[in-house]
Amino acid sequence: MLRAALLLAAWQGAAGGALGQATPSTVDCAAIESDRERLICYDRASGRAGEPPASRPTGSLIDTAWAFDRASPRFVISLHNQNYLLVARYTDRVNTAPYEDLVQPGQQAPPLDSTEAKFQISFKARLWTTDDRRWGMWVAYTQQNQWQEYNSEISRPFRETNYMPEVFASYRPGLDLGAFQWRLLNFGYVHQSNGRTDVLSRSWDRLFVEAGVERSSFVLLARAWHRLKDASKDDNPDITDFYGHGSLTAVYKWRENSVSLTARGNLAKGKGAGQLTWMSPEILGTLRGYVQIFSGYGESLIDYNWKQSTIGIGIAVNDLF
């Protein structure tokens, strides 16, 4: 009952002071398990009035991104992977190989520009969660487009579009692992395809498990996957030779800058890829300057077996955390 009274007082904030609630002591606050609720209680005990508790940060990048706070709404729609627009993305090796089988004998594949635009949209929605928010069921959708915006010779087409829906469960272990805190465990199913037919079709389905640990402003994600094969519909049977069976992603926040590094690959085949991104502090509303550097195989599905190095510059809305 005491804890419930303290939480109610914290939720009511400064406005509740006019009703004469008792101010909790720091001893009372220390008994609260939730980092966020304990912080609110300490603010209340010190007489600090502030913004509504729903908008207060927890101090945990993972908890914020995955709405693990027990005060968060049950049903949440939020950003998922990076959302960005690369106004210009340059490749050192243009891939025309997939289109050569479509042209008539004696003709050439359509000329592709080495500089194009690229953008990605990504969001997730929580469909169910427990009262303490430690378990949740999610669906997510990510779409990435490579756009020959500057190629008027072939009417500025979308060179490639990748669609990636997911359904998965999330869990907050809340365990200390030395200097790190293990705060994320996801497992579920992901489909990825480019929606094309015949020789341009690319797709695969995977089961995956993902763990996330953090320390202060640093988050490390490890993801492993198992490909689900269907020999009758397999457009790219060797895709795991290039994408591998897992990935590592590190995200670091520093003075409102955000840097992320992702590596994946198949060590047995000696193939893989790496991607480095940087986001500036906010420059206009939530928009940030954005730079993306990629090297290796599989920047998109049509390029899954094509090695290239690219660099792009543009704007972004969010990082993973």
# chains A, B, ... in the order shown; residues from 1 in each chain; ligands from 1
>>> residues_around(residues="stretch 245-258 of chain A", least_positions_apart="2", cutoff="6 Å", atoms="only C-alpha atoms", output="JSON, numbers by chain")
{"A": [217, 218, 219, 220, 221, 222, 223, 224, 225, 260, 261, 262, 263, 264, 278, 279, 280, 281]}
>>> write_last_selection(atoms="C-alpha atoms", output="PDB file, in the first residue's frame")
ATOM      1  CA  SER A 217      25.518   5.242 -23.740  1.00  0.00           C
ATOM      2  CA  PHE A 218      26.691   2.048 -25.454  1.00  0.00           C
ATOM      3  CA  VAL A 219      24.453  -0.764 -26.735  1.00  0.00           C
ATOM      4  CA  LEU A 220      25.582  -4.053 -28.267  1.00  0.00           C
ATOM      5  CA  LEU A 221      23.166  -6.280 -30.212  1.00  0.00           C
ATOM      6  CA  ALA A 222      23.919  -9.861 -31.271  1.00  0.00           C
ATOM      7  CA  ARG A 223      21.517 -11.552 -33.701  1.00  0.00           C
ATOM      8  CA  ALA A 224      21.583 -15.120 -35.017  1.00  0.00           C
ATOM      9  CA  TRP A 225      19.230 -16.563 -37.611  1.00  0.00           C
ATOM     10  CA  SER A 260      26.455   2.627 -35.214  1.00  0.00           C
ATOM     11  CA  LEU A 261      28.541  -0.204 -36.633  1.00  0.00           C
ATOM     12  CA  THR A 262      27.117  -3.467 -38.002  1.00  0.00           C
ATOM     13  CA  ALA A 263      29.099  -6.501 -39.127  1.00  0.00           C
ATOM     14  CA  ARG A 264      27.781  -9.760 -40.547  1.00  0.00           C
ATOM     15  CA  TRP A 278      26.830   8.595 -38.085  1.00  0.00           C
ATOM     16  CA  MET A 279      23.958  10.857 -37.055  1.00  0.00           C
ATOM     17  CA  SER A 280      24.477  14.441 -36.004  1.00  0.00           C
ATOM     18  CA  PRO A 281      22.608  16.237 -33.225  1.00  0.00           C
TER      19      PRO A 281
END
>>> residues_around(residues="A:Asp92", least_positions_apart="6", cutoff="9 Å", atoms="only C-alpha atoms", output="list in words")
Ser114, Gln308, Ser309 and Thr310 of chain A
>>> closest_residue(among="A:Leu284, A:Trp204, A:Leu267, A:Val213", to="A:His226", atoms="only C-alpha atoms")
A:Trp204
>>> atom_distance(atom1="atom CA of A:Asp205", atom2="atom CA of A:Val190")
5.9 Å
>>> atom_distance(atom1="atom CA of A:Leu185", atom2="atom CA of A:Met164")
19.8 Å
>>> select_by_dssp(residues="stretch 64-112 of chain A", states="strand (DSSP E or B)", output="list in words")
Val76, Ile77, Ser78, Leu79, Asn83, Tyr84, Leu85, Leu86, Val87, Ala88, Arg89, Tyr90 and Thr91 of chain A
>>> write_last_selection(atoms="N, CA and C atoms", output="PDB file, in the first residue's frame")
ATOM      1  N   VAL A  76       1.769   0.135 -28.420  1.00  0.00           N
ATOM      2  CA  VAL A  76       2.737   1.162 -28.789  1.00  0.00           C
ATOM      3  C   VAL A  76       3.063   1.026 -30.271  1.00  0.00           C
ATOM      4  N   ILE A  77       3.123   2.142 -30.970  1.00  0.00           N
ATOM      5  CA  ILE A  77       3.656   2.193 -32.325  1.00  0.00           C
ATOM      6  C   ILE A  77       4.841   3.149 -32.301  1.00  0.00           C
ATOM      7  N   SER A  78       5.997   2.670 -32.720  1.00  0.00           N
ATOM      8  CA  SER A  78       7.201   3.484 -32.628  1.00  0.00           C
ATOM      9  C   SER A  78       8.138   3.169 -33.793  1.00  0.00           C
ATOM     10  N   LEU A  79       9.186   3.974 -33.925  1.00  0.00           N
ATOM     11  CA  LEU A  79      10.191   3.738 -34.949  1.00  0.00           C
ATOM     12  C   LEU A  79      10.995   2.499 -34.591  1.00  0.00           C
ATOM     13  N   ASN A  83      15.421   5.224 -39.787  1.00  0.00           N
ATOM     14  CA  ASN A  83      14.605   5.870 -40.817  1.00  0.00           C
ATOM     15  C   ASN A  83      15.426   7.008 -41.396  1.00  0.00           C
ATOM     16  N   TYR A  84      15.686   6.958 -42.702  1.00  0.00           N
ATOM     17  CA  TYR A  84      16.606   7.925 -43.286  1.00  0.00           C
ATOM     18  C   TYR A  84      16.337   8.134 -44.767  1.00  0.00           C
ATOM     19  N   LEU A  85      16.919   9.200 -45.292  1.00  0.00           N
ATOM     20  CA  LEU A  85      16.955   9.495 -46.720  1.00  0.00           C
ATOM     21  C   LEU A  85      18.377   9.889 -47.084  1.00  0.00           C
ATOM     22  N   LEU A  86      19.008   9.082 -47.941  1.00  0.00           N
ATOM     23  CA  LEU A  86      20.299   9.448 -48.506  1.00  0.00           C
ATOM     24  C   LEU A  86      20.034  10.191 -49.805  1.00  0.00           C
ATOM     25  N   VAL A  87      20.296  11.474 -49.799  1.00  0.00           N
ATOM     26  CA  VAL A  87      20.065  12.280 -50.997  1.00  0.00           C
ATOM     27  C   VAL A  87      20.990  11.822 -52.120  1.00  0.00           C
ATOM     28  N   ALA A  88      22.195  11.430 -51.768  1.00  0.00           N
ATOM     29  CA  ALA A  88      23.155  10.918 -52.745  1.00  0.00           C
ATOM     30  C   ALA A  88      23.918   9.761 -52.125  1.00  0.00           C
ATOM     31  N   ARG A  89      23.914   8.627 -52.812  1.00  0.00           N
ATOM     32  CA  ARG A  89      24.640   7.438 -52.368  1.00  0.00           C
ATOM     33  C   ARG A  89      25.463   6.928 -53.559  1.00  0.00           C
ATOM     34  N   TYR A  90      26.767   6.897 -53.386  1.00  0.00           N
ATOM     35  CA  TYR A  90      27.684   6.548 -54.477  1.00  0.00           C
ATOM     36  C   TYR A  90      28.226   5.140 -54.271  1.00  0.00           C
ATOM     37  N   THR A  91      28.280   4.340 -55.355  1.00  0.00           N
ATOM     38  CA  THR A  91      28.896   3.018 -55.314  1.00  0.00           C
ATOM     39  C   THR A  91      30.104   2.969 -56.229  1.00  0.00           C
TER      40      THR A  91
END
>>> residues_around(residues="stretch 120-136 of chain A", least_positions_apart="4", cutoff="7 Å", atoms="only C-alpha atoms", output="list in words")
Phe68, Asp69, Arg70, Arg74, Phe75, Val76, Ile77, Ser78, Leu79, His80, Asn81, Gln82, Asn83, Tyr84, Leu85, Ala140, Tyr141, Thr142, Gln143, Gln144, Asn145, Ala169, Ser170, Tyr171 and Arg172 of chain A
